[in-house]
>>> print(open('start-v5.pdb').read())   # PDB, C-alpha atoms, pLDDT in the B column
ATOM      1  CA  MET A 102       3.865  12.272  30.302  1.00 50.00           C
ATOM      2  CA  THR A 103       5.569  15.669  30.536  1.00 49.00           C
ATOM      3  CA  ASP A 104       4.170  18.880  29.111  1.00 57.00           C
ATOM      4  CA  ASP A 105       7.135  19.691  26.820  1.00 55.00           C
ATOM      5  CA  TRP A 106       4.988  18.818  23.793  1.00 57.00           C
ATOM      6  CA  LYS A 107       2.494  21.624  24.393  1.00 62.00           C
ATOM      7  CA  GLY A 108       2.459  24.022  21.486  1.00 70.00           C
ATOM      8  CA  ARG A 109       3.939  21.420  19.135  1.00 81.00           C
ATOM      9  CA  GLY A 110       0.699  19.726  18.194  1.00 94.00           C
ATOM     10  CA  VAL A 111      -0.562  16.176  18.662  1.00 97.00           C
ATOM     11  CA  ALA A 112      -1.160  13.316  16.221  1.00 98.00           C
ATOM     12  CA  LEU A 113      -3.179  10.347  17.489  1.00 98.00           C
ATOM     13  CA  PHE A 114      -3.156   7.132  15.461  1.00 98.00           C
ATOM     14  CA  ASP A 115      -5.468   4.180  15.917  1.00 98.00           C
ATOM     15  CA  MET A 116      -3.693   0.973  14.874  1.00 98.00           C
ATOM     16  CA  ASP A 117      -5.915  -1.879  13.625  1.00 98.00           C
ATOM     17  CA  GLY A 118      -7.510  -0.941  10.313  1.00 97.00           C
ATOM     18  CA  THR A 119      -5.820   2.457  10.393  1.00 98.00           C
ATOM     19  CA  LEU A 120      -2.043   2.071  10.401  1.00 98.00           C
ATOM     20  CA  LEU A 121      -2.347  -1.447   9.017  1.00 97.00           C
ATOM     21  CA  PRO A 122      -5.237  -3.373   7.475  1.00 96.00           C
ATOM     22  CA  TRP A 123      -5.678  -6.193   9.975  1.00 94.00           C
ATOM     23  CA  ASP A 124      -7.328  -6.665  13.327  1.00 96.00           C
ATOM     24  CA  THR A 125      -4.051  -7.781  14.848  1.00 97.00           C
ATOM     25  CA  GLN A 126      -5.688  -9.636  17.722  1.00 97.00           C
ATOM     26  CA  TYR A 127      -6.691 -12.337  15.222  1.00 96.00           C
ATOM     27  CA  VAL A 128      -3.300 -12.212  13.528  1.00 97.00           C
ATOM     28  CA  PHE A 129      -1.337 -12.514  16.771  1.00 98.00           C
ATOM     29  CA  SER A 130      -3.438 -15.477  17.892  1.00 97.00           C
ATOM     30  CA  CYS A 131      -2.688 -17.069  14.504  1.00 97.00           C
ATOM     31  CA  PHE A 132       1.036 -16.476  15.085  1.00 97.00           C
ATOM     32  CA  VAL A 133       0.870 -18.204  18.479  1.00 98.00           C
ATOM     33  CA  VAL A 134      -1.341 -21.081  17.328  1.00 97.00           C
ATOM     34  CA  ARG A 135       1.043 -21.904  14.484  1.00 96.00           C
ATOM     35  CA  LEU A 136       3.818 -22.235  17.058  1.00 97.00           C
ATOM     36  CA  HIS A 137       1.598 -24.349  19.338  1.00 97.00           C
ATOM     37  CA  PRO A 138      -0.954 -26.149  17.084  1.00 96.00           C
ATOM     38  CA  TRP A 139      -2.782 -27.798  19.995  1.00 97.00           C
ATOM     39  CA  ARG A 140      -3.884 -24.313  21.108  1.00 97.00           C
ATOM     40  CA  ARG A 141      -6.499 -24.398  18.357  1.00 96.00           C
ATOM     41  CA  LEU A 142      -8.541 -26.280  20.946  1.00 96.00           C
ATOM     42  CA  LEU A 143      -8.483 -23.176  23.139  1.00 96.00           C
ATOM     43  CA  ILE A 144      -9.765 -21.087  20.223  1.00 95.00           C
ATOM     44  CA  VAL A 145     -12.635 -23.570  19.837  1.00 94.00           C
ATOM     45  CA  LEU A 146     -13.312 -23.213  23.564  1.00 95.00           C
ATOM     46  CA  PHE A 147     -13.519 -19.435  23.095  1.00 95.00           C
ATOM     47  CA  LEU A 148     -15.984 -19.860  20.227  1.00 94.00           C
ATOM     48  CA  ALA A 149     -18.236 -21.732  22.642  1.00 95.00           C
ATOM     49  CA  CYS A 150     -18.357 -18.534  24.740  1.00 95.00           C
ATOM     50  CA  ILE A 151     -19.869 -16.409  21.959  1.00 95.00           C
ATOM     51  CA  PRO A 152     -23.496 -17.093  23.027  1.00 96.00           C
ATOM     52  CA  PHE A 153     -22.712 -15.392  26.365  1.00 96.00           C
ATOM     53  CA  TYR A 154     -21.914 -12.202  24.410  1.00 96.00           C
ATOM     54  CA  VAL A 155     -24.895 -12.548  22.073  1.00 96.00           C
ATOM     55  CA  LEU A 156     -27.202 -12.930  25.081  1.00 96.00           C
ATOM     56  CA  LYS A 157     -25.503  -9.918  26.737  1.00 95.00           C
ATOM     57  CA  ILE A 158     -24.375 -12.004  29.695  1.00 96.00           C
ATOM     58  CA  TRP A 159     -20.766 -11.048  28.965  1.00 96.00           C
ATOM     59  CA  ASP A 160     -19.617  -7.602  27.843  1.00 95.00           C
ATOM     60  CA  GLU A 161     -16.928  -6.818  25.271  1.00 95.00           C
ATOM     61  CA  LYS A 162     -14.186  -6.588  27.898  1.00 96.00           C
ATOM     62  CA  ARG A 163     -14.934 -10.077  29.196  1.00 97.00           C
ATOM     63  CA  MET A 164     -14.989 -11.435  25.655  1.00 97.00           C
ATOM     64  CA  LYS A 165     -11.575  -9.923  24.999  1.00 97.00           C
ATOM     65  CA  ARG A 166     -10.274 -11.621  28.127  1.00 97.00           C
ATOM     66  CA  ALA A 167     -11.801 -14.898  26.937  1.00 97.00           C
ATOM     67  CA  TYR A 168     -10.228 -14.589  23.488  1.00 97.00           C
ATOM     68  CA  LEU A 169      -6.798 -14.408  25.148  1.00 98.00           C
ATOM     69  CA  MET A 170      -7.430 -17.987  26.301  1.00 97.00           C
ATOM     70  CA  TYR A 171      -5.035 -19.185  23.572  1.00 97.00           C
ATOM     71  CA  LEU A 172      -2.191 -17.919  25.832  1.00 98.00           C
ATOM     72  CA  TRP A 173      -3.291 -20.129  28.748  1.00 98.00           C
ATOM     73  CA  GLY A 174      -0.298 -21.524  30.651  1.00 97.00           C
ATOM     74  CA  LEU A 175       2.417 -19.693  28.712  1.00 98.00           C
ATOM     75  CA  PRO A 176       5.133 -18.022  30.836  1.00 98.00           C
ATOM     76  CA  ALA A 177       4.900 -14.225  30.912  1.00 97.00           C
ATOM     77  CA  GLU A 178       8.366 -13.817  29.357  1.00 97.00           C
ATOM     78  CA  THR A 179       7.361 -16.077  26.473  1.00 98.00           C
ATOM     79  CA  VAL A 180       4.347 -13.835  25.788  1.00 98.00           C
ATOM     80  CA  ARG A 181       6.603 -10.767  25.849  1.00 98.00           C
ATOM     81  CA  GLU A 182       9.078 -12.411  23.476  1.00 98.00           C
ATOM     82  CA  TYR A 183       6.289 -13.433  21.098  1.00 98.00           C
ATOM     83  CA  GLY A 184       5.049  -9.828  21.244  1.00 98.00           C
ATOM     84  CA  ARG A 185       8.475  -8.504  20.228  1.00 98.00           C
ATOM     85  CA  LYS A 186       8.785 -11.011  17.370  1.00 98.00           C
ATOM     86  CA  PHE A 187       5.285 -10.205  16.165  1.00 98.00           C
ATOM     87  CA  ALA A 188       5.992  -6.466  16.245  1.00 98.00           C
ATOM     88  CA  ARG A 189       9.027  -6.927  14.000  1.00 97.00           C
ATOM     89  CA  MET A 190       6.783  -8.636  11.435  1.00 96.00           C
ATOM     90  CA  ALA A 191       3.857  -6.235  11.817  1.00 97.00           C
ATOM     91  CA  GLN A 192       5.971  -3.170  11.020  1.00 97.00           C
ATOM     92  CA  GLU A 193       6.142  -4.507   7.443  1.00 96.00           C
ATOM     93  CA  TRP A 194       2.346  -4.397   7.100  1.00 97.00           C
ATOM     94  CA  ILE A 195       1.919  -0.642   7.683  1.00 97.00           C
ATOM     95  CA  TYR A 196       0.070   1.166   4.914  1.00 97.00           C
ATOM     96  CA  PRO A 197       2.653   3.271   3.005  1.00 97.00           C
ATOM     97  CA  GLU A 198       0.232   6.221   3.018  1.00 98.00           C
ATOM     98  CA  LEU A 199      -0.041   6.133   6.820  1.00 98.00           C
ATOM     99  CA  LYS A 200       3.679   5.626   7.285  1.00 97.00           C
ATOM    100  CA  LYS A 201       4.201   8.765   5.224  1.00 98.00           C
ATOM    101  CA  ARG A 202       1.665  10.696   7.356  1.00 98.00           C
ATOM    102  CA  LEU A 203       3.447   9.588  10.518  1.00 98.00           C
ATOM    103  CA  GLU A 204       6.774  10.757   9.125  1.00 98.00           C
ATOM    104  CA  GLU A 205       5.264  14.119   8.120  1.00 97.00           C
ATOM    105  CA  ASP A 206       3.697  14.657  11.558  1.00 97.00           C
ATOM    106  CA  ARG A 207       6.981  13.792  13.258  1.00 96.00           C
ATOM    107  CA  LYS A 208       8.818  16.320  11.046  1.00 96.00           C
ATOM    108  CA  LYS A 209       6.285  18.966  12.109  1.00 94.00           C
ATOM    109  CA  GLY A 210       7.298  18.274  15.694  1.00 95.00           C
ATOM    110  CA  TYR A 211       3.959  16.766  16.693  1.00 96.00           C
ATOM    111  CA  LEU A 212       3.689  14.492  19.690  1.00 97.00           C
ATOM    112  CA  CYS A 213       2.830  11.247  17.873  1.00 98.00           C
ATOM    113  CA  LEU A 214       0.946   8.624  19.877  1.00 98.00           C
ATOM    114  CA  MET A 215      -0.370   5.234  18.857  1.00 98.00           C
ATOM    115  CA  VAL A 216      -3.617   4.488  20.695  1.00 98.00           C
ATOM    116  CA  SER A 217      -4.915   0.960  20.215  1.00 98.00           C
ATOM    117  CA  ALA A 218      -7.396  -1.486  21.693  1.00 98.00           C
ATOM    118  CA  SER A 219      -5.011  -4.361  20.999  1.00 98.00           C
ATOM    119  CA  PRO A 220      -2.814  -5.878  23.744  1.00 98.00           C
ATOM    120  CA  SER A 221       0.130  -3.793  24.902  1.00 98.00           C
ATOM    121  CA  PHE A 222       2.565  -6.707  24.873  1.00 98.00           C
ATOM    122  CA  TYR A 223       2.910  -6.331  21.109  1.00 98.00           C
ATOM    123  CA  VAL A 224       1.457  -2.835  20.576  1.00 98.00           C
ATOM    124  CA  LYS A 225       4.226  -1.152  22.588  1.00 98.00           C
ATOM    125  CA  PRO A 226       7.176  -2.792  20.820  1.00 98.00           C
ATOM    126  CA  LEU A 227       5.504  -2.088  17.463  1.00 98.00           C
ATOM    127  CA  GLY A 228       5.002   1.567  18.373  1.00 98.00           C
ATOM    128  CA  GLU A 229       8.656   1.837  19.388  1.00 98.00           C
ATOM    129  CA  LEU A 230       9.805   0.313  16.093  1.00 98.00           C
ATOM    130  CA  LEU A 231       7.657   2.812  14.173  1.00 98.00           C
ATOM    131  CA  GLY A 232       9.105   5.760  16.109  1.00 97.00           C
ATOM    132  CA  PHE A 233       6.043   6.854  18.093  1.00 98.00           C
ATOM    133  CA  ASP A 234       6.617   9.116  21.091  1.00 97.00           C
ATOM    134  CA  GLY A 235       4.260   7.007  23.169  1.00 97.00           C
ATOM    135  CA  VAL A 236       1.892   4.071  22.975  1.00 98.00           C
ATOM    136  CA  LEU A 237      -1.368   3.249  24.731  1.00 98.00           C
ATOM    137  CA  GLY A 238      -2.747  -0.251  24.273  1.00 98.00           C
ATOM    138  CA  THR A 239      -4.972  -2.561  26.263  1.00 98.00           C
ATOM    139  CA  ASP A 240      -2.770  -3.557  29.186  1.00 98.00           C
ATOM    140  CA  VAL A 241      -2.903  -7.283  29.937  1.00 98.00           C
ATOM    141  CA  LEU A 242      -1.744  -8.540  33.327  1.00 97.00           C
ATOM    142  CA  LEU A 243       1.066 -10.981  32.531  1.00 96.00           C
ATOM    143  CA  GLU A 244       1.300 -13.404  35.406  1.00 92.00           C
ATOM    144  CA  LYS A 245       4.041 -16.001  35.948  1.00 94.00           C
ATOM    145  CA  ARG A 246       1.846 -18.389  33.974  1.00 96.00           C
ATOM    146  CA  MET A 247      -0.984 -16.944  31.909  1.00 97.00           C
ATOM    147  CA  PRO A 248      -4.462 -17.654  33.327  1.00 96.00           C
ATOM    148  CA  ALA A 249      -7.338 -18.703  31.092  1.00 95.00           C
ATOM    149  CA  MET A 250      -8.836 -15.194  31.211  1.00 96.00           C
ATOM    150  CA  PRO A 251      -6.132 -12.640  32.036  1.00 97.00           C
ATOM    151  CA  GLU A 252      -7.078  -9.379  33.732  1.00 97.00           C
ATOM    152  CA  LEU A 253      -7.154  -6.042  31.881  1.00 97.00           C
ATOM    153  CA  PRO A 254      -6.155  -3.671  34.726  1.00 96.00           C
ATOM    154  CA  HIS A 255      -6.949  -0.450  32.837  1.00 95.00           C
ATOM    155  CA  GLY A 256      -9.940  -1.784  30.948  1.00 95.00           C
ATOM    156  CA  ASN A 257     -10.422  -2.340  27.242  1.00 97.00           C
ATOM    157  CA  ASN A 258      -8.596   0.577  25.579  1.00 98.00           C
ATOM    158  CA  LYS A 259     -11.414   1.365  23.190  1.00 97.00           C
ATOM    159  CA  GLY A 260     -13.868   4.204  22.567  1.00 97.00           C
ATOM    160  CA  ALA A 261     -14.276   6.541  25.535  1.00 97.00           C
ATOM    161  CA  VAL A 262     -11.532   4.694  27.449  1.00 97.00           C
ATOM    162  CA  LYS A 263      -8.953   5.982  24.959  1.00 98.00           C
ATOM    163  CA  VAL A 264      -9.994   9.567  25.595  1.00 97.00           C
ATOM    164  CA  LYS A 265     -10.088   9.033  29.356  1.00 97.00           C
ATOM    165  CA  ARG A 266      -6.525   7.740  29.392  1.00 97.00           C
ATOM    166  CA  LEU A 267      -5.306  10.532  27.107  1.00 97.00           C
ATOM    167  CA  ARG A 268      -6.894  13.079  29.434  1.00 96.00           C
ATOM    168  CA  GLU A 269      -5.202  11.469  32.426  1.00 95.00           C
ATOM    169  CA  ARG A 270      -1.894  12.076  30.648  1.00 94.00           C
ATOM    170  CA  ASN A 271      -2.796  15.710  29.882  1.00 93.00           C
ATOM    171  CA  VAL A 272      -2.757  15.051  26.140  1.00 95.00           C
ATOM    172  CA  LEU A 273      -6.417  15.930  25.616  1.00 94.00           C
ATOM    173  CA  PRO A 274      -8.383  18.609  27.498  1.00 92.00           C
ATOM    174  CA  GLU A 275     -11.116  17.631  29.942  1.00 93.00           C
ATOM    175  CA  HIS A 276     -13.661  19.374  27.734  1.00 91.00           C
ATOM    176  CA  GLY A 277     -13.835  20.636  24.197  1.00 91.00           C
ATOM    177  CA  ILE A 278     -11.501  20.168  21.245  1.00 94.00           C
ATOM    178  CA  LEU A 279      -7.719  20.249  21.073  1.00 94.00           C
ATOM    179  CA  GLU A 280      -7.107  22.732  18.267  1.00 93.00           C
ATOM    180  CA  ASN A 281      -3.594  21.752  17.200  1.00 94.00           C
ATOM    181  CA  ALA A 282      -4.363  18.046  16.955  1.00 96.00           C
ATOM    182  CA  VAL A 283      -5.190  15.382  14.369  1.00 98.00           C
ATOM    183  CA  ALA A 284      -6.733  11.951  14.916  1.00 98.00           C
ATOM    184  CA  TYR A 285      -6.504   9.053  12.457  1.00 98.00           C
ATOM    185  CA  SER A 286      -8.992   6.184  12.579  1.00 98.00           C
ATOM    186  CA  ASP A 287     -11.021   3.758  10.487  1.00 98.00           C
ATOM    187  CA  SER A 288     -13.724   3.068  13.057  1.00 97.00           C
ATOM    188  CA  ALA A 289     -16.835   4.608  14.586  1.00 97.00           C
ATOM    189  CA  ALA A 290     -15.583   3.165  17.891  1.00 97.00           C
ATOM    190  CA  ASP A 291     -13.015   5.978  17.863  1.00 98.00           C
ATOM    191  CA  MET A 292     -15.641   8.715  17.627  1.00 98.00           C
ATOM    192  CA  PRO A 293     -14.733  10.127  21.093  1.00 97.00           C
ATOM    193  CA  MET A 294     -11.080  10.485  20.047  1.00 98.00           C
ATOM    194  CA  LEU A 295     -11.938  11.884  16.619  1.00 98.00           C
ATOM    195  CA  LEU A 296     -14.284  14.495  18.101  1.00 97.00           C
ATOM    196  CA  SER A 297     -11.612  15.588  20.588  1.00 97.00           C
ATOM    197  CA  CYS A 298      -9.270  16.741  17.786  1.00 97.00           C
ATOM    198  CA  ARG A 299      -9.728  19.629  15.369  1.00 96.00           C
ATOM    199  CA  ARG A 300      -8.513  17.644  12.348  1.00 97.00           C
ATOM    200  CA  LYS A 301      -9.855  14.198  11.549  1.00 98.00           C
ATOM    201  CA  VAL A 302      -8.497  11.686   9.034  1.00 98.00           C
ATOM    202  CA  LEU A 303     -10.625   8.645   8.210  1.00 98.00           C
ATOM    203  CA  VAL A 304      -8.923   5.566   6.765  1.00 98.00           C
ATOM    204  CA  ASN A 305     -11.073   3.415   4.475  1.00 97.00           C
ATOM    205  CA  PRO A 306     -14.219   4.605   6.283  1.00 97.00           C
ATOM    206  CA  SER A 307     -17.494   2.747   5.944  1.00 96.00           C
ATOM    207  CA  PRO A 308     -20.250   4.659   4.103  1.00 95.00           C
ATOM    208  CA  ALA A 309     -22.038   5.244   7.420  1.00 96.00           C
ATOM    209  CA  LEU A 310     -18.926   6.672   9.073  1.00 97.00           C
ATOM    210  CA  LYS A 311     -18.168   8.907   6.113  1.00 95.00           C
ATOM    211  CA  LYS A 312     -21.713  10.292   6.142  1.00 95.00           C
ATOM    212  CA  ASP A 313     -21.767  11.001   9.892  1.00 97.00           C
ATOM    213  CA  ARG A 314     -22.430  14.740  10.192  1.00 96.00           C
ATOM    214  CA  ARG A 315     -20.210  15.009  13.247  1.00 96.00           C
ATOM    215  CA  LEU A 316     -17.281  14.278  10.934  1.00 97.00           C
ATOM    216  CA  ASP A 317     -18.082  16.874   8.276  1.00 95.00           C
ATOM    217  CA  GLY A 318     -14.835  18.138   6.786  1.00 95.00           C
ATOM    218  CA  ALA A 319     -12.851  15.039   7.705  1.00 97.00           C
ATOM    219  CA  GLU A 320     -10.178  13.973   5.249  1.00 98.00           C
ATOM    220  CA  CYS A 321     -10.462  10.448   3.855  1.00 98.00           C
ATOM    221  CA  LEU A 322      -7.623   8.125   2.840  1.00 98.00           C
ATOM    222  CA  TYR A 323      -8.139   4.923   0.866  1.00 97.00           C
ATOM    223  CA  PRO A 324      -5.027   2.728   1.002  1.00 97.00           C
ATOM    224  CA  ALA A 325      -5.322  -0.590  -0.844  1.00 95.00           C
ATOM    225  CA  ARG A 326      -6.483  -3.470   1.334  1.00 94.00           C
ATOM    226  CA  PRO A 327      -5.036  -6.993   0.971  1.00 92.00           C
ATOM    227  CA  TRP A 328      -8.445  -8.596   0.366  1.00 92.00           C
ATOM    228  CA  LYS A 329     -11.325  -8.233  -2.076  1.00 89.00           C
ATOM    229  CA  GLY A 330     -14.780  -7.410  -0.784  1.00 89.00           C
ATOM    230  CA  ARG A 331     -16.430  -8.039   2.553  1.00 88.00           C
ATOM    231  CA  LEU A 332     -16.584 -11.788   2.033  1.00 92.00           C
ATOM    232  CA  GLY A 333     -12.859 -11.876   1.325  1.00 91.00           C
ATOM    233  CA  LYS A 334     -12.192 -10.136   4.633  1.00 92.00           C
ATOM    234  CA  ILE A 335     -14.458 -12.527   6.555  1.00 93.00           C
ATOM    235  CA  TRP A 336     -12.680 -15.558   5.115  1.00 94.00           C
ATOM    236  CA  LYS A 337      -9.310 -14.072   6.048  1.00 92.00           C
ATOM    237  CA  ILE A 338     -10.481 -13.583   9.637  1.00 93.00           C
ATOM    238  CA  VAL A 339     -11.681 -17.204   9.785  1.00 94.00           C
ATOM    239  CA  PHE A 340      -8.294 -18.395   8.512  1.00 94.00           C
ATOM    240  CA  PHE A 341      -6.471 -16.256  11.093  1.00 95.00           C
ATOM    241  CA  VAL A 342      -8.641 -17.470  13.965  1.00 93.00           C
ATOM    242  CA  MET A 343      -7.972 -21.094  13.048  1.00 93.00           C
ATOM    243  CA  GLY A 344      -4.242 -20.507  12.605  1.00 93.00           C
ATOM    244  CA  LEU A 345      -4.240 -21.214   8.859  1.00 93.00           C
ATOM    245  CA  VAL A 346      -2.292 -18.162   7.607  1.00 93.00           C
ATOM    246  CA  ASN A 347       1.495 -17.986   7.451  1.00 93.00           C
ATOM    247  CA  VAL A 348       1.913 -14.562   9.037  1.00 93.00           C
ATOM    248  CA  ASN A 349       5.686 -14.797   8.502  1.00 89.00           C
ATOM    249  CA  ASP A 350       5.083 -14.512   4.756  1.00 87.00           C
ATOM    250  CA  ARG A 351       4.936 -10.782   4.011  1.00 85.00           C
ATOM    251  CA  LYS A 352       3.259 -11.403   0.651  1.00 81.00           C
ATOM    252  CA  SER A 353       0.303 -13.150   2.272  1.00 79.00           C
ATOM    253  CA  MET A 354      -0.133 -10.190   4.642  1.00 89.00           C
ATOM    254  CA  VAL A 355       0.100  -7.197   2.307  1.00 84.00           C
ATOM    255  CA  GLY A 356      -1.302  -8.680  -0.890  1.00 70.00           C
TER     256      GLY A 356
END
>>> encode(input="start-v5.pdb", output="structure tokens")
Amino acid sequence: MTDDWKGRGVALFDMDGTLLPWDTQYVFSCFVVRLHPWRRLLIVLFLACIPFYVLKIWDEKRMKRAYLMYLWGLPAETVREYGRKFARMAQEWIYPELKKRLEEDRKKGYLCLMVSASPSFYVKPLGELLGFDGVLGTDVLLEKRMPAMPELPHGNNKGAVKVKRLRERNVLPEHGILENAVAYSDSAADMPMLLSCRRKVLVNPSPALKKDRRLDGAECLYPARPWKGRLGKIWKIVFFVMGLVNVNDRKSMVG
């Protein structure tokens, strides 16, 4: 990344739960499983791996690799094509309030980056459709045929890894706070990124996140979510995981 943005300001946007309501890793797996119904068996196989995480035998990165098992055997170009198709649908799910913020930051001349833990094969095309200057997602090694647990060559793009990669690209300083910068997130997992920017915008924050003293002065946005209550969200996730939601139907995705 070149340095021509310096002096313009920076806007960093998390994706899942921030730009749009869903954890798109569940939604994308639903999209694929509905195209290949037998792949529900691979989701069940992943569920059998959960005890390894609970017992701390596997870490979060390994679990993410295991969840991608539903892609097992697909050609790399098919995964890329599914990613492009999914991105075209997902752009319709963006919160209007966050779409407006992105447009405002772009008009200010900010360098606008989408920084997500979700897989790059659909995060990048989505970021391009939304007009971001750059996108950082979790890079997944797309082999000729997808293995059961694909490699993540740059790690799981979450938490401190986001900040590390932004520093490598000279977007964030090695130490301290970037004054002319704003970070948008819904999650405590993004605390390193939030604390690296002078301005912080929390999207539908949990009570604990909102009360965190490190975020005193943060602005809060509360766009309407397409579910009611915590139980409603849990049921939606279950339906996504089992491939029971028609993600092509915009009404079912935005409420």
>>> resolve_selection(input="start-v5.pdb", expression="the PyMOL selection byres ((chain A and resi 203) around 9)", output="ChimeraX atom specification")
/A:112,114,198-202,204-208,213,231-233
>>> atom_distance(input="start-v5.pdb", atom1="atom CA of A:Leu148", atom2="atom CA of A:Thr179")
24.5 Å
>>> resolve_selection(input="start-v5.pdb", expression="the PyMOL selection byres ((chain A and resi 127-143) around 8)", output="NGL selection string")
:A and (123-126 or 144-147 or 170-172 or 183 or 187 or 338 or 341-348)
>>> resolve_selection(input="start-v5.pdb", expression="the PyMOL selection byres ((chain A and resi 234-245) around 9)", output="JSON, numbers by chain")
{"A": [102, 166, 174, 175, 176, 177, 178, 180, 181, 212, 213, 214, 215, 216, 217, 218, 219, 220, 221, 222, 223, 224, 225, 226, 228, 229, 232, 233, 246, 247, 248, 251, 252, 253, 254, 255, 256, 257, 258, 259, 263, 266, 267]}
>>> atom_distance(input="start-v5.pdb", atom1="atom CA of A:Gly356", atom2="atom CA of A:Pro122")
10.7 Å
>>> residues_near_point(input="start-v5.pdb", point="(-7.4, -4.4, 9.9)", cutoff="12 Å", atoms="all atoms listed in the file", output="PyMOL selection string")
chain A and resi 115-128+191+194-196+217+219+286-288+304-306+324-328+334-335+337-338+341+354-355
>>> closest_residue(input="start-v5.pdb", among="A:Asn281, A:Ser353, A:Ser297, A:Ser307", to="A:Lys209", atoms="all atoms listed in the file")
A:Asn281
>>> atom_distance(input="start-v5.pdb", atom1="atom CA of A:Arg189", atom2="atom CA of A:Asn349")
10.2 Å
>>> residues_around(input="start-v5.pdb", residues="A:Val264", least_positions_apart="3", cutoff="10 Å", atoms="all atoms listed in the file", output="list in words")
Val216, Asn258, Lys259, Gly260, Ala261, Leu267, Arg268, Glu269, Arg270, Val272, Leu273, Pro274, Glu275, Asp291, Met292, Pro293, Met294, Leu295, Leu296 and Ser297 of chain A
>>> residues_around(input="start-v5.pdb", residues="A:Val302", least_positions_apart="5", cutoff="6 Å", atoms="all atoms listed in the file", output="PyMOL selection string")
chain A and resi 285+319-321
